[in-house]
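Text of query_25.tsv (TSV, C-alpha atoms and all ligand atoms) as supplied:
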```
chain	number	residue	atom	x	y	z
A	115	MET	CA	-89.15	28.46	-95.15
A	116	SER	CA	-89.05	26.41	-98.35
A	117	ILE	CA	-92.41	24.82	-99.01
A	118	LEU	CA	-95.71	26.39	-98.06
A	119	THR	CA	-98.95	24.42	-98.28
A	120	LEU	CA	-102.21	26.37	-98.53
A	121	SER	CA	-105.59	24.81	-97.94
A	122	GLY	CA	-108.43	26.64	-99.70
A	123	SER	CA	-111.40	24.59	-98.52
A	124	PRO	CA	-113.94	26.11	-96.14
A	125	SER	CA	-114.84	22.60	-94.87
A	126	VAL	CA	-113.57	21.23	-91.55
A	127	GLN	CA	-113.38	17.66	-92.88
A	128	SER	CA	-111.76	18.52	-96.19
A	129	ARG	CA	-110.69	16.01	-98.81
A	130	SER	CA	-108.40	18.44	-100.56
A	131	ALA	CA	-106.80	19.29	-97.20
A	132	HIS	CA	-106.19	15.56	-96.63
A	133	LEU	CA	-104.29	15.38	-99.92
A	134	LEU	CA	-102.27	18.38	-98.88
A	135	ALA	CA	-101.49	16.87	-95.47
A	136	HIS	CA	-100.35	13.63	-97.11
A	137	LEU	CA	-98.07	15.51	-99.47
A	138	ARG	CA	-96.67	17.57	-96.63
A	139	GLY	CA	-95.94	14.44	-94.63
A	140	GLU	CA	-94.13	12.84	-97.55
A	141	LEU	CA	-92.05	15.96	-98.17
A	142	GLU	CA	-91.10	16.21	-94.51
A	143	ALA	CA	-90.20	12.52	-94.43
A	144	ALA	CA	-87.88	13.26	-97.35
A	145	GLY	CA	-86.15	15.96	-95.30
A	146	GLU	CA	-87.84	19.05	-96.76
A	147	ARG	CA	-89.00	21.94	-94.59
A	148	THR	CA	-92.68	22.78	-94.85
A	149	SER	CA	-95.17	25.11	-93.27
A	150	HIS	CA	-98.92	25.27	-93.62
A	151	ILE	CA	-101.75	27.78	-93.69
A	152	ASP	CA	-105.40	26.83	-93.50
A	153	LEU	CA	-107.11	29.73	-95.25
A	154	ARG	CA	-110.40	29.02	-93.48
A	155	GLY	CA	-108.64	30.16	-90.29
A	156	LEU	CA	-108.11	33.68	-91.62
A	157	PRO	CA	-110.49	36.35	-90.33
A	158	ALA	CA	-113.51	36.37	-92.66
A	159	GLY	CA	-114.36	40.09	-92.39
A	160	PRO	CA	-110.94	41.43	-93.39
A	161	LEU	CA	-110.61	38.70	-96.03
A	162	LEU	CA	-113.89	39.70	-97.71
A	163	ALA	CA	-113.19	43.41	-97.30
A	164	ALA	CA	-109.76	42.95	-98.95
A	165	ARG	CA	-107.95	44.23	-95.86
A	166	ALA	CA	-104.41	43.22	-96.72
A	167	ASP	CA	-103.20	45.13	-93.65
A	168	ASP	CA	-105.00	42.79	-91.25
A	169	PRO	CA	-102.22	41.18	-89.15
A	170	ALA	CA	-103.25	37.56	-89.84
A	171	ILE	CA	-103.69	38.18	-93.56
A	172	ALA	CA	-100.44	40.12	-93.77
A	173	ALA	CA	-98.62	37.24	-92.00
A	174	ALA	CA	-100.10	34.73	-94.46
A	175	ALA	CA	-99.07	36.89	-97.42
A	176	ARG	CA	-95.57	37.16	-95.93
A	177	ALA	CA	-95.39	33.37	-95.67
A	178	VAL	CA	-96.22	33.15	-99.37
A	179	ALA	CA	-93.55	35.74	-100.17
A	180	GLU	CA	-90.94	33.74	-98.25
A	181	ALA	CA	-91.76	30.35	-99.79
A	182	GLN	CA	-89.89	28.85	-102.72
A	183	VAL	CA	-92.63	26.34	-103.49
A	184	VAL	CA	-96.34	26.83	-102.87
A	185	VAL	CA	-98.58	23.77	-102.87
A	186	LEU	CA	-102.21	24.80	-102.84
A	187	ALA	CA	-105.32	22.69	-102.57
A	188	THR	CA	-108.90	23.61	-103.30
A	189	PRO	CA	-112.25	21.95	-103.77
A	190	VAL	CA	-113.91	22.44	-107.16
A	191	TYR	CA	-116.80	24.84	-106.57
A	192	LYS	CA	-119.17	25.65	-109.42
A	193	ALA	CA	-116.73	24.32	-112.00
A	194	ALA	CA	-113.87	26.46	-110.68
A	195	TYR	CA	-111.98	26.80	-107.40
A	196	SER	CA	-113.14	27.99	-104.00
A	197	GLY	CA	-114.06	31.59	-103.28
A	198	LEU	CA	-111.94	31.32	-100.14
A	199	LEU	CA	-108.83	30.67	-102.21
A	200	LYS	CA	-109.73	33.46	-104.64
A	201	ALA	CA	-110.31	35.94	-101.82
A	202	PHE	CA	-106.83	35.18	-100.49
A	203	LEU	CA	-105.08	35.23	-103.88
A	204	ASP	CA	-106.73	38.60	-104.56
A	205	LEU	CA	-104.93	40.01	-101.53
A	206	LEU	CA	-101.47	39.05	-102.76
A	207	PRO	CA	-99.39	41.64	-104.61
A	208	GLN	CA	-99.70	41.64	-108.43
A	209	THR	CA	-96.63	39.42	-108.76
A	210	GLY	CA	-97.11	37.60	-105.46
A	211	LEU	CA	-96.01	34.26	-106.91
A	212	ARG	CA	-93.04	35.56	-108.87
A	213	ASP	CA	-90.09	33.15	-108.87
A	214	LYS	CA	-92.15	30.48	-107.16
A	215	VAL	CA	-92.89	26.96	-108.18
A	216	VAL	CA	-96.58	26.14	-107.63
A	217	LEU	CA	-98.24	22.75	-107.37
A	218	PRO	CA	-102.04	23.01	-107.65
A	219	ILE	CA	-104.28	20.29	-106.19
A	220	ALA	CA	-108.06	20.05	-106.50
A	221	THR	CA	-110.77	17.61	-105.47
A	222	GLY	CA	-114.20	17.47	-107.05
A	223	GLY	CA	-117.39	15.48	-106.97
A	224	SER	CA	-117.25	14.75	-110.68
A	225	LEU	CA	-114.68	13.90	-113.32
A	226	ALA	CA	-116.51	16.42	-115.53
A	227	HIS	CA	-114.52	19.12	-113.80
A	228	ALA	CA	-111.13	17.39	-113.80
A	229	LEU	CA	-109.73	20.22	-115.90
A	230	ALA	CA	-110.79	23.00	-113.50
A	231	ILE	CA	-107.16	23.37	-112.40
A	232	ASP	CA	-106.09	24.03	-115.97
A	233	TYR	CA	-108.87	26.29	-117.22
A	234	ALA	CA	-109.70	28.16	-113.99
A	235	LEU	CA	-106.77	28.14	-111.57
A	236	ARG	CA	-103.73	27.99	-113.82
A	237	PRO	CA	-104.40	31.39	-115.50
A	238	VAL	CA	-104.62	33.05	-112.08
A	239	LEU	CA	-101.37	31.46	-110.89
A	240	SER	CA	-99.76	32.52	-114.11
A	241	ALA	CA	-101.03	36.10	-113.75
A	242	LEU	CA	-99.46	36.20	-110.30
A	243	GLY	CA	-96.10	35.50	-111.90
A	244	SER	CA	-95.43	31.84	-111.00
A	245	ARG	CA	-92.06	30.77	-112.32
A	246	GLN	CA	-93.27	27.23	-112.91
A	247	ILE	CA	-96.69	25.65	-112.46
A	248	LEU	CA	-96.28	21.91	-111.98
A	249	PRO	CA	-98.80	19.48	-113.47
A	250	GLY	CA	-101.89	19.67	-111.26
A	251	ILE	CA	-103.28	16.81	-109.20
A	252	PHE	CA	-107.04	16.28	-109.43
A	253	ALA	CA	-109.00	13.66	-107.51
A	254	VAL	CA	-112.67	12.78	-107.36
A	255	ASP	CA	-114.21	12.22	-103.97
A	256	GLN	CA	-114.47	8.44	-104.48
A	257	GLN	CA	-110.68	8.19	-104.64
A	258	ILE	CA	-110.41	9.43	-101.05
A	259	GLU	CA	-111.78	7.19	-98.34
A	260	ILE	CA	-112.65	8.94	-95.10
A	261	ASP	CA	-114.17	6.67	-92.47
A	262	GLY	CA	-113.33	8.67	-89.38
A	263	THR	CA	-110.10	6.80	-88.74
A	264	GLU	CA	-106.64	8.04	-89.61
A	265	PRO	CA	-104.88	7.85	-91.92
A	266	VAL	CA	-107.27	8.66	-94.73
A	267	ARG	CA	-106.87	6.22	-97.63
A	268	PHE	CA	-106.34	7.08	-101.29
A	269	ASP	CA	-106.81	4.77	-104.25
A	270	ALA	CA	-103.77	3.52	-106.14
A	271	ALA	CA	-103.98	5.93	-109.07
A	272	LEU	CA	-104.22	8.93	-106.75
A	273	THR	CA	-101.38	7.64	-104.56
A	274	LEU	CA	-99.20	7.43	-107.63
A	275	ARG	CA	-100.07	10.98	-108.69
A	276	LEU	CA	-99.31	12.25	-105.19
A	277	ASP	CA	-95.95	10.46	-105.27
A	278	GLU	CA	-95.20	12.10	-108.60
A	279	GLY	CA	-96.18	15.46	-107.13
A	280	VAL	CA	-93.73	14.96	-104.26
A	281	LEU	CA	-90.98	14.08	-106.70
A	282	ARG	CA	-91.69	17.09	-108.89
A	283	VAL	CA	-91.57	19.43	-105.89
A	284	ARG	CA	-88.27	17.90	-104.77
A	285	GLU	CA	-86.88	18.19	-108.30
A	286	ALA	CA	-87.88	21.84	-108.42
A	287	LEU	CA	-86.21	22.51	-105.07
A	288	ALA	CA	-83.07	20.63	-106.10
A	289	ARG	CA	-82.92	22.68	-109.30
A	290	SER	CA	-83.27	25.96	-107.46
A	291	ARG	CA	-80.55	24.95	-104.97
A	292	ILE	CA	-78.02	24.24	-107.69
A	293	ASP	CA	-79.50	26.73	-110.15
A	294	ILE	CA	-80.06	24.40	-113.11
A	295	PRO	CA	-82.20	25.95	-115.86
A	296	LEU	CA	-85.68	24.38	-115.93
A	297	GLU	CA	-85.50	23.07	-119.50
A	298	PHE	CA	-82.46	20.86	-118.87
A	299	VAL	CA	-83.88	18.65	-116.12
A	300	PRO	CA	-86.80	16.52	-117.31
A	301	VAL	CA	-88.96	14.84	-114.68
A	302	PRO	CA	-88.71	11.10	-115.27
A	303	PRO	CA	-92.17	9.72	-116.04
A	304	ALA	CA	-91.93	6.35	-114.29
A	305	ARG	CA	-92.27	6.29	-110.53
A	306	ARG	CA	-89.29	4.03	-109.88
A	307	THR	CA	-86.99	5.92	-112.21
A	308	ALA	CA	-88.12	9.17	-110.68
A	309	HIS	CA	-87.48	7.94	-107.14
A	310	ALA	CA	-83.94	6.91	-108.07
A	311	ALA	CA	-83.26	10.19	-109.86
A	312	VAL	CA	-84.37	12.32	-106.93
A	313	ALA	CA	-82.48	10.21	-104.41
A	314	GLN	CA	-79.35	10.73	-106.48
A	315	ARG	CA	-79.78	14.50	-106.87
A	316	CYS	CA	-80.93	15.36	-103.40
A	317	PRO	CA	-80.16	12.71	-100.79
A	318	ALA	CA	-82.26	13.26	-97.67
B	1	LIG	C1	-120.74	24.75	-103.04
B	1	LIG	C2	-120.18	23.51	-103.69
B	1	LIG	C3	-120.02	23.52	-105.05
B	1	LIG	C4	-119.48	22.39	-105.70
B	1	LIG	N1	-119.32	22.42	-107.05
B	1	LIG	C5	-118.75	21.35	-107.67
B	1	LIG	C6	-118.56	21.38	-109.08
B	1	LIG	O1	-118.89	22.31	-109.78
B	1	LIG	N2	-117.94	20.31	-109.66
B	1	LIG	C7	-117.54	19.22	-108.92
B	1	LIG	O2	-116.98	18.28	-109.50
B	1	LIG	N3	-117.74	19.16	-107.58
B	1	LIG	C8	-118.33	20.20	-106.94
B	1	LIG	N4	-118.53	20.17	-105.58
B	1	LIG	C9	-118.04	19.00	-104.81
B	1	LIG	C10	-116.69	19.29	-104.17
B	1	LIG	O3	-115.80	19.86	-105.10
B	1	LIG	C11	-116.03	18.01	-103.67
B	1	LIG	O4	-116.86	17.34	-102.77
B	1	LIG	C12	-114.68	18.32	-103.04
B	1	LIG	O5	-113.95	17.12	-102.86
B	1	LIG	C13	-114.80	19.01	-101.71
B	1	LIG	O6	-113.49	19.30	-101.26
B	1	LIG	P1	-113.18	19.63	-99.73
B	1	LIG	O7	-113.64	18.42	-98.94
B	1	LIG	O8	-111.71	19.82	-99.68
B	1	LIG	O9	-113.95	20.87	-99.40
B	1	LIG	C14	-119.10	21.25	-104.93
B	1	LIG	C15	-119.30	21.26	-103.54
B	1	LIG	C16	-119.83	22.38	-102.94
B	1	LIG	C17	-120.05	22.37	-101.43
```

Take the structure in this file and express it as structure tokens.
Amino acid sequence: MSILTLSGSPSVQSRSAHLLAHLRGELEAAGERTSHIDLRGLPAGPLLAARADDPAIAAAARAVAEAQVVVLATPVYKAAYSGLLKAFLDLLPQTGLRDKVVLPIATGGSLAHALAIDYALRPVLSALGSRQILPGIFAVDQQIEIDGTEPVRFDAALTLRLDEGVLRVREALARSRIDIPLEFVPVPPARRTAHAAVAQRCPA
């Protein structure tokens, strides 16, 4: 298992989960292997009672341990991230994200909390030992159009950031496959350049 996506929203119709699903689709289309866990599907009692030995929670923690890249998505709640995500992260071992590349994604109702990934979530990911935390992707609700039909539509700026996220994840995977030190492979800033660079390094 290479890439694990984790959805931390308690909502059934979740904007952050839609971003995650889009990213997963793009990664799979590029030939990457992904798996997914919807944290709202974990048993609430054991999750709140910090029962790491619960079979479903233990299986989810194992999936994290086996992943090279973890992409996690959360709504902004009260200027931070969801309690559901925190409850799960609290059940991981102290260095549960050691050697992993993490891409954090958040959606919020207001641009005022666009930095929630950086001031609230990033320190937690860092404390869990992430090898590399990729630049986060934040979107406000208005950038995601849900009208009951599939696929959900994203505005152009968000689409571009999601594309960049896909490229960064693929770059990170390519680096780990050929063991190139992080500092020697810059991520090209422009979308077209980045597409070409990834296609060259890791043909699908
Ligand atoms: C309990 C609750 C608290 C929220 N707090 C904030 C907040 O502090 N800042 C913000 O920008 N949006 C806040 N929102 C809005 C959500 O972050 C936003 O609608 C998000 O896209 C929901 O993501 P989801 O659909 O994946 O659950 C809050 C929503 C709820 C239900």

>> Distance limit 9 Å, reference ligand LIG 1 (chain B), atoms considered: only C-alpha atoms and all ligand atoms. Which residues make the cut? Give them as a ChimeraX atom specification.
In response: /A:121-133,187-196,220-228,230,253-256,258

> Between CA of Ile117 (chain A) and CA of Ala172 (chain A), what is the distance, to one decimal in Å?
Replying inline: 18.1 Å

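Take CA of Phe202 (chain A) and CA of Glu140 (chain A): the distance between them is 25.9 Å.
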
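With CA of Leu205 (chain A) on one side and CA of Ala164 (chain A) on the other, the separation reads 6.2 Å.
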
>> Nearest residue to Arg165 (chain A) out of A:Ile251, A:His150, A:Leu239, A:Ala201, using all atoms listed in the file?
In response: A:Ala201

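Among the candidates A:Pro157, A:Glu259, A:Val238, A:Asp168, the one nearest to Asp204 (chain A) when counting only C-alpha atoms is A:Val238.
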
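Checking A:Leu248, A:Ile151, A:Leu274, A:Leu118 one by one against Val183 (chain A), counting all atoms listed in the file, you find the shortest gap at A:Leu118.
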
To test the calculation: enclose all listed atoms of region 271-278 of chain A in a box whose edges run along x, y and z, add 5 Å on each side, then state centre and edge lengths in Å to one decimal, as lines of an AutoDock Vina configuration file.
```
center_x = -99.7
center_y = 9.1
center_z = -106.8
size_x = 19.0
size_y = 16.3
size_z = 14.5
```

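Restricting the calculation to all atoms listed in the file, the smallest distance between Ile171 (chain A) and any of A:Ala234, A:Leu141, A:Leu186, A:Leu203 is found for A:Leu203.
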
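Candidate residues A:Ala271, A:Ile260, A:Val215, A:Ala143 were compared for distance to Ile247 (chain A), and the nearest is A:Val215, using all atoms listed in the file.
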
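For the set A:Glu146, A:Glu285, A:Asp261, A:Asp213, the residue with the smallest atom-to-atom gap to Gln182 (chain A) is A:Asp213, counting only C-alpha atoms.
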
> If you count all atoms listed in the file, which residues fall within 10 Å of Thr273 (chain A), apart from same-chain ones fewer than 6 positions away, as a PyMOL selection string?
Replying inline: chain A and resi 133+136-137+257-258+267+279

What does the file look like for those residues with C-alpha atoms, as a tab-separated table (two decimals), in the frame of the given file?
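This went into out-v4.tsv:
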```
chain	number	residue	atom	x	y	z
A	133	LEU	CA	-104.29	15.38	-99.92
A	136	HIS	CA	-100.35	13.63	-97.11
A	137	LEU	CA	-98.07	15.51	-99.47
A	257	GLN	CA	-110.68	8.19	-104.64
A	258	ILE	CA	-110.41	9.43	-101.05
A	267	ARG	CA	-106.87	6.22	-97.63
A	279	GLY	CA	-96.18	15.46	-107.13
```

Pull region 161-197 of chain A out of the block and emit N, CA and C atoms, as a compact mmCIF listing (two decimals), in the first residue's frame.
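Saved result, decode31.txt, follows:
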```
# COMPACT_ATOMS: atom_id res chain seq x y z
N LEU A 161 -13.27 4.89 19.79
CA LEU A 161 -12.48 6.04 19.34
C LEU A 161 -12.39 7.08 20.47
N LEU A 162 -13.53 7.35 21.11
CA LEU A 162 -13.54 8.37 22.17
C LEU A 162 -12.92 7.84 23.46
N ALA A 163 -12.94 6.53 23.65
CA ALA A 163 -12.35 5.96 24.86
C ALA A 163 -10.89 5.58 24.64
N ALA A 164 -10.34 6.01 23.49
CA ALA A 164 -8.92 5.76 23.17
C ALA A 164 -8.58 4.27 23.24
N ARG A 165 -9.48 3.45 22.67
CA ARG A 165 -9.24 2.00 22.66
C ARG A 165 -8.50 1.61 21.38
N ALA A 166 -7.20 1.73 21.44
CA ALA A 166 -6.38 1.42 20.26
C ALA A 166 -6.43 -0.06 19.90
N ASP A 167 -6.91 -0.90 20.86
CA ASP A 167 -6.97 -2.33 20.58
C ASP A 167 -8.27 -2.74 19.90
N ASP A 168 -9.18 -1.80 19.69
CA ASP A 168 -10.40 -2.13 18.95
C ASP A 168 -10.00 -2.58 17.53
N PRO A 169 -10.59 -3.68 17.03
CA PRO A 169 -10.12 -4.23 15.75
C PRO A 169 -10.17 -3.22 14.59
N ALA A 170 -11.24 -2.44 14.49
CA ALA A 170 -11.35 -1.50 13.37
C ALA A 170 -10.31 -0.38 13.50
N ILE A 171 -10.12 0.08 14.73
CA ILE A 171 -9.14 1.15 14.95
C ILE A 171 -7.72 0.62 14.74
N ALA A 172 -7.49 -0.58 15.23
CA ALA A 172 -6.15 -1.18 15.04
C ALA A 172 -5.86 -1.37 13.55
N ALA A 173 -6.89 -1.78 12.77
CA ALA A 173 -6.69 -1.98 11.32
C ALA A 173 -6.38 -0.64 10.65
N ALA A 174 -7.08 0.41 11.08
CA ALA A 174 -6.83 1.74 10.49
C ALA A 174 -5.41 2.22 10.83
N ALA A 175 -5.00 2.00 12.06
CA ALA A 175 -3.64 2.40 12.47
C ALA A 175 -2.59 1.61 11.69
N ARG A 176 -2.90 0.32 11.44
CA ARG A 176 -1.98 -0.50 10.64
C ARG A 176 -1.86 0.04 9.22
N ALA A 177 -2.99 0.47 8.67
CA ALA A 177 -2.97 1.03 7.31
C ALA A 177 -2.09 2.27 7.27
N VAL A 178 -2.15 3.08 8.31
CA VAL A 178 -1.28 4.26 8.37
C VAL A 178 0.18 3.80 8.43
N ALA A 179 0.45 2.81 9.27
CA ALA A 179 1.83 2.34 9.42
C ALA A 179 2.40 1.82 8.10
N GLU A 180 1.54 1.23 7.28
CA GLU A 180 2.01 0.62 6.02
C GLU A 180 2.12 1.62 4.87
N ALA A 181 1.54 2.80 5.03
CA ALA A 181 1.54 3.77 3.92
C ALA A 181 2.86 4.52 3.82
N GLN A 182 3.22 4.88 2.60
CA GLN A 182 4.39 5.75 2.41
C GLN A 182 3.95 7.21 2.46
N VAL A 183 2.78 7.47 1.87
CA VAL A 183 2.24 8.83 1.82
C VAL A 183 0.86 8.81 2.44
N VAL A 184 0.60 9.77 3.32
CA VAL A 184 -0.73 9.91 3.91
C VAL A 184 -1.30 11.27 3.47
N VAL A 185 -2.44 11.22 2.82
CA VAL A 185 -3.13 12.45 2.44
C VAL A 185 -4.34 12.55 3.36
N LEU A 186 -4.39 13.60 4.17
CA LEU A 186 -5.53 13.68 5.07
C LEU A 186 -6.32 14.96 4.87
N ALA A 187 -7.62 14.83 4.99
CA ALA A 187 -8.50 15.97 4.76
C ALA A 187 -9.39 16.19 5.97
N THR A 188 -9.59 17.44 6.30
CA THR A 188 -10.41 17.78 7.46
C THR A 188 -11.17 19.08 7.21
N PRO A 189 -12.35 19.21 7.79
CA PRO A 189 -12.97 20.53 7.81
C PRO A 189 -12.28 21.38 8.88
N VAL A 190 -12.33 22.71 8.72
CA VAL A 190 -11.89 23.59 9.81
C VAL A 190 -13.05 23.65 10.80
N TYR A 191 -12.77 23.28 12.03
CA TYR A 191 -13.77 23.39 13.10
C TYR A 191 -13.18 24.28 14.18
N LYS A 192 -13.90 25.32 14.52
CA LYS A 192 -13.47 26.23 15.60
C LYS A 192 -12.01 26.64 15.42
N ALA A 193 -11.72 27.07 14.22
CA ALA A 193 -10.39 27.60 13.87
C ALA A 193 -9.28 26.54 13.88
N ALA A 194 -9.64 25.29 14.00
CA ALA A 194 -8.61 24.24 13.96
C ALA A 194 -9.11 23.11 13.06
N TYR A 195 -8.79 21.88 13.40
CA TYR A 195 -9.23 20.75 12.58
C TYR A 195 -10.26 19.94 13.36
N SER A 196 -10.81 18.92 12.74
CA SER A 196 -11.94 18.24 13.38
C SER A 196 -11.50 17.39 14.58
N GLY A 197 -12.41 17.29 15.54
CA GLY A 197 -12.16 16.43 16.70
C GLY A 197 -12.03 14.97 16.28
```
